[in-house]
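See structure below.
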Amino acid sequence: MKTFSELNFPGRLIAVEGLDGSGKSTQIYLLKRWLEAEGIKVYFSEWNSSELVKKATSKGKKRELLTPTTFSLIHATDFADRYERHLLPLLRAGYVVLCDRYVFTAFARDVVRGCPPEWVRGNYNFAAQPDLTIFFKADLEVSLSRILEGRPKLKFFEAGMDLGLSKDPYESFRIFQGRILEQYMAMSGEFDFVVMDANLHVEKQQVLVRKLVGERIELKKFKRRSPLPLPPPAPHGDKVMEMEEDSAA
Amino acid sequence: MKTDSEPTNKCRRFYGHGIPGVRLEELTGRLIVVEGADGSGRSTQIARLVDSLETGGHPTVQVGLKRSTLVSSELEKAQEGNILSRTTLSLFYATDFADQLENIILPALKAGFIVLADRYIYTLMARDMVRGMDEAWLKNLYGIALEPDAVFYLSVEPQELVQRNLAKSATLDYWESGMDLGMSRDMFDSFVKYQTAIQAVFQNLQKTYGFNVVDANRSMDSVTKELRKKIAALLGET
């Protein structure tokens, strides 16, 4: 797997990975705020967020229609849509793209669900490796308590209830997350994860994240050269949002 | 008719990694695939086969592309707007296929039904290969598919196909004409060029997957006759 830098893309991709409740989303959000303030061309993309595919996914999840195979494929479809329509063009245009979860989420989750690892990896082999992947490693109990305290009810697939690990959603969730963590750790070296201690204080982590990004990515290359022109009337709501945020930065 | 010891003269297998947890020896039914372009007579032939099979005491189930509960309507919508890129569309179709495979095809085969598939992974692969997708990637993706007991490819000359499609609806389908490929701005030309390209890919796939190529330039009745004869042989009813 080659990185975007090795493939001579002008842009760079930073991914964060980790268990639910590892705090990765907060960290990448704060990273985005910093990069915007620095005048960097930045774009944020979240796992399972492509408008069109998301409808099918949420229907499948609500009605519990998904098997390990279709669960894997529908998330691959979602990823491909974002990858081809957003990530690649932005990386060609010299953006710093931030991804809350990347293919490694599928490599871990789908394999825990019983999909053959080579099949899952093969399906995602159109995706290049991030230039930096930060893995937020919290103690399993810490991640679990963050999720379980904040949210009273666990969703069916989120708790891995489809695996029949336990009839108790909380117990199922614990076992499921534990197995996902094992998968992540097993691929950590292969995909060059930078492991962040997610038990640290949230602000301390952000200091480390910013330092790491500053060291690994030559940020001044990704600054906007000139102020943005006035945005033309955009056909899509989400694009309007992007433009507004960018011009405010 | 059927004997007590159900003849499984073919060793069941998935093309690749398959679906986790499936016990192949339990799949005692038959999977029969009919492939071919729009206008090759697929639907008519399948309807006739269902008729004769059911009359003969065989329970049947039908599947086809874009018919899954999970994603068919979203897929339809995406195609109308032509907004999805190639890999996305491939994966969306694969999701649709997998949903039907796991929820219809495999359970029906387990229950001893004859499953008639109106197109299968070959059309999906051929469409993508014509559009430059990587063959190895597609083979891995569709490694989930079960090898059918028989695949009948209804082969019709592109010039004949275009006549049949126009006679039927006085227009040509955007996708079946490969208009997204920009081969020609003229829809008639594009249709013929695209279908020729698809047929070339099918010829290559034939070498790997061993289709029964049926000359469907002939009348509907003679094609039906040939299909019925071959299926009777498959079921050990000759």
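The chains in the structure tokens are called A, B, ... from first to last as shown; in each chain the residues are counted from 1, and the ligands are counted from 1 in the order shown.
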- prompt: Got a sec to tell me which of region 82-236 of chain A DSSP assigns to helix (DSSP H, G or I), as a ChimeraX atom specification?
  reply: /A:82-92,103-112,117-123,140-150,161-163,169-187,202-216,219-222
- prompt: Skipping near chain neighbours, those fewer than 5 positions away, what residues fall within 9 Å of Val96 (chain A) using only C-alpha atoms, listed as a PyMOL selection string?
  reply: chain A and resi 11-14+35+40-44+90-91+219+222
- prompt: When the cut-off is 6 Å and we count only C-alpha atoms, which residues of chain A are near chain B, given as JSON, numbers by chain?
  reply: {"A": [56, 70, 73, 77, 80, 81, 123]}
Those same residues, written as a CSV table (one decimal), in the first residue's frame with N, CA and C atoms?
```
chain,number,residue,atom,x,y,z
A,56,ALA,N,-29.4,3.6,2.6
A,56,ALA,CA,-29.5,2.2,2.5
A,56,ALA,C,-28.9,1.5,3.8
A,70,THR,N,-22.9,-8.3,3.6
A,70,THR,CA,-23.5,-7.0,3.1
A,70,THR,C,-23.1,-5.8,4.0
A,73,LEU,N,-19.8,-4.8,2.4
A,73,LEU,CA,-20.0,-4.3,1.1
A,73,LEU,C,-20.6,-2.9,1.1
A,77,THR,N,-19.0,0.5,-0.2
A,77,THR,CA,-19.7,1.4,-1.2
A,77,THR,C,-19.6,2.8,-0.7
A,80,ALA,N,-16.1,4.1,-1.0
A,80,ALA,CA,-15.7,4.4,-2.4
A,80,ALA,C,-16.4,5.7,-2.9
A,81,ASP,N,-17.6,5.9,-2.5
A,81,ASP,CA,-18.3,7.1,-3.0
A,81,ASP,C,-17.5,8.4,-2.5
A,123,ASN,N,-11.2,-5.9,-1.6
A,123,ASN,CA,-12.2,-4.9,-2.0
A,123,ASN,C,-11.8,-3.5,-1.8
```
message: Which residues are near region 37-54 of chain B? Cut-off 10 Å, only C-alpha atoms, ignore same chain within fewer than 3 positions. Put them as number ranges by chain.
response: B: 32-34, 57-62, 114-119, 123, 152-158, 160-168, 172-173, 176, 195, 198-199, 215-217, 219-221, 223-225, 227-228, 231-232
Please dump the current selection as a PDB file, in the first residue's frame; keep C-alpha atoms.
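Ended up saving to result-v5.pdb:
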```pdb
ATOM      1  CA  ILE B  32     -29.548 -21.928 -13.198  1.00  0.00           C
ATOM      2  CA  VAL B  33     -28.396 -18.633 -14.653  1.00  0.00           C
ATOM      3  CA  VAL B  34     -29.643 -17.017 -17.840  1.00  0.00           C
ATOM      4  CA  GLY B  57     -43.084 -30.571 -10.033  1.00  0.00           C
ATOM      5  CA  HIS B  58     -40.036 -28.449  -9.348  1.00  0.00           C
ATOM      6  CA  PRO B  59     -40.376 -25.507  -6.972  1.00  0.00           C
ATOM      7  CA  THR B  60     -38.697 -22.411  -8.380  1.00  0.00           C
ATOM      8  CA  VAL B  61     -37.479 -19.033  -7.166  1.00  0.00           C
ATOM      9  CA  GLN B  62     -36.360 -16.134  -9.329  1.00  0.00           C
ATOM     10  CA  ILE B 114     -34.505 -24.468  -8.510  1.00  0.00           C
ATOM     11  CA  VAL B 115     -33.260 -20.896  -8.538  1.00  0.00           C
ATOM     12  CA  LEU B 116     -33.489 -19.108 -11.873  1.00  0.00           C
ATOM     13  CA  ALA B 117     -31.224 -16.091 -12.011  1.00  0.00           C
ATOM     14  CA  ASP B 118     -32.012 -13.423 -14.577  1.00  0.00           C
ATOM     15  CA  ARG B 119     -28.338 -12.399 -14.985  1.00  0.00           C
ATOM     16  CA  THR B 123     -23.024  -9.198 -16.490  1.00  0.00           C
ATOM     17  CA  PHE B 152     -26.937 -20.156 -20.403  1.00  0.00           C
ATOM     18  CA  TYR B 153     -25.667 -17.179 -22.335  1.00  0.00           C
ATOM     19  CA  LEU B 154     -28.217 -16.032 -24.880  1.00  0.00           C
ATOM     20  CA  SER B 155     -26.077 -14.698 -27.666  1.00  0.00           C
ATOM     21  CA  VAL B 156     -27.630 -12.269 -30.148  1.00  0.00           C
ATOM     22  CA  GLU B 157     -25.865 -10.164 -32.778  1.00  0.00           C
ATOM     23  CA  PRO B 158     -25.784  -6.478 -31.777  1.00  0.00           C
ATOM     24  CA  GLU B 160     -30.380  -7.867 -34.172  1.00  0.00           C
ATOM     25  CA  LEU B 161     -30.469  -6.650 -30.548  1.00  0.00           C
ATOM     26  CA  VAL B 162     -30.905  -3.058 -31.607  1.00  0.00           C
ATOM     27  CA  GLN B 163     -33.820  -4.041 -33.859  1.00  0.00           C
ATOM     28  CA  ARG B 164     -35.512  -5.982 -31.069  1.00  0.00           C
ATOM     29  CA  ASN B 165     -35.101  -3.195 -28.523  1.00  0.00           C
ATOM     30  CA  LEU B 166     -36.489  -0.595 -30.895  1.00  0.00           C
ATOM     31  CA  ALA B 167     -39.367  -2.832 -31.912  1.00  0.00           C
ATOM     32  CA  LYS B 168     -40.223  -3.298 -28.249  1.00  0.00           C
ATOM     33  CA  LEU B 172     -32.738   2.449 -26.416  1.00  0.00           C
ATOM     34  CA  ASP B 173     -31.828   2.303 -22.732  1.00  0.00           C
ATOM     35  CA  GLU B 176     -27.583  -0.690 -22.232  1.00  0.00           C
ATOM     36  CA  GLN B 195     -22.935  -4.363 -27.060  1.00  0.00           C
ATOM     37  CA  ILE B 198     -19.696  -6.454 -23.958  1.00  0.00           C
ATOM     38  CA  GLN B 199     -19.874  -9.543 -26.134  1.00  0.00           C
ATOM     39  CA  ASP B 215     -27.677 -18.940 -30.310  1.00  0.00           C
ATOM     40  CA  ALA B 216     -30.587 -16.643 -29.545  1.00  0.00           C
ATOM     41  CA  ASN B 217     -30.751 -15.068 -32.987  1.00  0.00           C
ATOM     42  CA  SER B 219     -36.942 -17.865 -32.798  1.00  0.00           C
ATOM     43  CA  MET B 220     -38.053 -17.816 -29.160  1.00  0.00           C
ATOM     44  CA  ASP B 221     -39.515 -21.291 -29.523  1.00  0.00           C
ATOM     45  CA  VAL B 223     -34.367 -21.323 -27.964  1.00  0.00           C
ATOM     46  CA  THR B 224     -36.915 -22.536 -25.402  1.00  0.00           C
ATOM     47  CA  LYS B 225     -36.687 -26.024 -26.814  1.00  0.00           C
ATOM     48  CA  LEU B 227     -32.973 -24.676 -22.945  1.00  0.00           C
ATOM     49  CA  ARG B 228     -35.604 -27.171 -21.800  1.00  0.00           C
ATOM     50  CA  ILE B 231     -32.080 -28.360 -18.214  1.00  0.00           C
ATOM     51  CA  ALA B 232     -33.829 -31.743 -18.363  1.00  0.00           C
TER      52      ALA B 232
END
```
One-decimal distance in Å that lies between CA of Lys2 (chain A) and CA of Gln129 (chain A):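 Distance between the two atoms: 5.4 Å.
Residues of chain B assigned to strand (DSSP E or B) by DSSP on this structure's backbone: B:Phe14, B:Arg30, B:Leu31, B:Ile32, B:Val33, B:Val34, B:Glu35, B:Gly36, B:Thr60, B:Val61, B:Gln62, B:Val63, B:Gly64, B:Ile114, B:Val115, B:Leu116, B:Ala117, B:Asp118, B:Leu146, B:Ala150, B:Val151, B:Phe152, B:Tyr153, B:Leu154, B:Ser155, B:Asn212, B:Val213, B:Val214, B:Asp215.
Computed from the coordinates, the CA of Arg121 (chain A) to CA of Phe104 (chain A) distance equals 9.1 Å.
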query: How far is it from CA of Val22 (chain B) to CA of Gln183 (chain A), in Å with one decimal?
result: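 It comes out at 23.7 Å.
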Within 12 Å of Ala200 (chain B) using only C-alpha atoms, minus same-chain residues under 3 positions, as a list of chain:residue names: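 Near Ala200 (chain B), the qualifying residues are B:Ala126, B:Arg127, B:Met129, B:Val130, B:Ser155, B:Glu157, B:Pro158, B:Lys193, B:Tyr194, B:Gln195, B:Thr196, B:Ala197, B:Gln203, B:Asn204, B:Leu205, B:Gln206, B:Lys207.
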Take the residues from that selection and write them out as a PDB file, in the first residue's frame, keeping C-alpha atoms.
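This is the output file out_23.pdb:
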```
ATOM      1  CA  ALA B 126     -18.529  -7.504 -18.003  1.00  0.00           C
ATOM      2  CA  ARG B 127     -20.048  -4.042 -17.565  1.00  0.00           C
ATOM      3  CA  MET B 129     -14.498  -4.572 -17.406  1.00  0.00           C
ATOM      4  CA  VAL B 130     -15.713  -2.669 -20.451  1.00  0.00           C
ATOM      5  CA  SER B 155     -26.077 -14.698 -27.666  1.00  0.00           C
ATOM      6  CA  GLU B 157     -25.865 -10.164 -32.778  1.00  0.00           C
ATOM      7  CA  PRO B 158     -25.784  -6.478 -31.777  1.00  0.00           C
ATOM      8  CA  LYS B 193     -20.439  -0.454 -30.202  1.00  0.00           C
ATOM      9  CA  TYR B 194     -21.168  -1.043 -26.534  1.00  0.00           C
ATOM     10  CA  GLN B 195     -22.935  -4.363 -27.060  1.00  0.00           C
ATOM     11  CA  THR B 196     -20.088  -5.509 -29.314  1.00  0.00           C
ATOM     12  CA  ALA B 197     -17.599  -4.659 -26.579  1.00  0.00           C
ATOM     13  CA  GLN B 203     -16.279 -14.390 -24.831  1.00  0.00           C
ATOM     14  CA  ASN B 204     -13.303 -13.991 -22.520  1.00  0.00           C
ATOM     15  CA  LEU B 205     -15.363 -14.758 -19.438  1.00  0.00           C
ATOM     16  CA  GLN B 206     -16.702 -17.826 -21.196  1.00  0.00           C
ATOM     17  CA  LYS B 207     -13.200 -19.308 -21.165  1.00  0.00           C
TER      18      LYS B 207
END
```
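Residues in contact with Ala111 (chain B) at 10 Å, where only C-alpha atoms are counted and same-chain residues fewer than 6 positions away are skipped, are listed as Glu26, Leu27, Thr28, Gly29, Pro59 and Ile105 of chain B.
For the set B:Leu31, B:Tyr15, B:Leu109, B:Tyr120, the residue with the smallest atom-to-atom gap to Arg67 (chain B) is B:Tyr120, counting only C-alpha atoms.
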- prompt: Which of these, A:Leu200, A:Thr133, A:Phe156, A:Ala127, has the shortest distance to Gly60 (chain A) once you count only C-alpha atoms?
  reply: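 Comparing A:Leu200, A:Thr133, A:Phe156, A:Ala127 against Gly60 (chain A), the winner is A:Phe156.
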query: For Met187 (chain B), which residue among B:Glu25, B:Thr171, B:Leu234, B:Arg30 is the nearest when counting only C-alpha atoms?
result: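 Of all the options, B:Thr171 lies closest to Met187 (chain B).
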Surrounding residues of region 164-178 of chain A excluding itself and chain neighbours under 6 positions, 10 Å, only C-alpha atoms, as a tab-separated table (two decimals) with N, CA and C atoms, in the first residue's frame:
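The resulting file, out.tsv, is shown below:
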```tsv
chain	number	residue	atom	x	y	z
A	19	LEU	N	-11.13	2.57	18.80
A	19	LEU	CA	-12.44	2.05	19.19
A	19	LEU	C	-13.43	3.19	19.39
A	20	ASP	N	-14.71	2.85	19.34
A	20	ASP	CA	-15.73	3.81	19.77
A	20	ASP	C	-15.36	4.23	21.19
A	109	ARG	N	-13.19	-4.51	11.80
A	109	ARG	CA	-14.57	-4.89	12.11
A	109	ARG	C	-15.08	-6.06	11.29
A	112	VAL	N	-13.59	-9.32	12.29
A	112	VAL	CA	-14.18	-9.81	13.53
A	112	VAL	C	-15.56	-10.42	13.25
A	113	ARG	N	-16.26	-9.84	12.28
A	113	ARG	CA	-17.59	-10.39	11.92
A	113	ARG	C	-17.49	-11.68	11.12
A	139	ASP	N	-7.42	2.23	27.17
A	139	ASP	CA	-7.73	0.95	27.80
A	139	ASP	C	-9.16	0.59	27.43
A	140	LEU	N	-9.37	-0.67	27.18
A	140	LEU	CA	-10.69	-1.13	26.77
A	140	LEU	C	-11.76	-0.63	27.74
A	141	GLU	N	-11.48	-0.70	29.03
A	141	GLU	CA	-12.47	-0.29	30.03
A	141	GLU	C	-12.80	1.20	29.92
A	143	SER	N	-12.65	3.09	27.11
A	143	SER	CA	-13.51	3.27	25.94
A	143	SER	C	-14.93	2.81	26.24
A	144	LEU	N	-15.02	1.67	26.87
A	144	LEU	CA	-16.34	1.11	27.16
A	144	LEU	C	-17.13	2.03	28.06
A	148	LEU	N	-20.64	3.65	27.30
A	148	LEU	CA	-21.76	3.12	28.08
A	148	LEU	C	-22.34	4.16	29.03
A	153	LYS	N	-28.59	3.30	25.52
A	153	LYS	CA	-28.95	2.11	24.73
A	153	LYS	C	-27.95	1.87	23.59
A	154	LEU	N	-27.46	0.67	23.50
A	154	LEU	CA	-26.53	0.32	22.43
A	154	LEU	C	-27.30	-0.15	21.20
A	155	LYS	N	-26.82	0.28	20.03
A	155	LYS	CA	-27.47	-0.17	18.80
A	155	LYS	C	-27.04	-1.60	18.48
A	156	PHE	N	-27.90	-2.28	17.76
A	156	PHE	CA	-27.73	-3.72	17.46
A	156	PHE	C	-26.37	-4.06	16.86
A	157	PHE	N	-26.03	-3.41	15.74
A	157	PHE	CA	-24.78	-3.74	15.06
A	157	PHE	C	-23.57	-3.18	15.80
A	158	GLU	N	-23.77	-2.01	16.41
A	158	GLU	CA	-22.71	-1.38	17.17
A	158	GLU	C	-22.25	-2.30	18.30
```
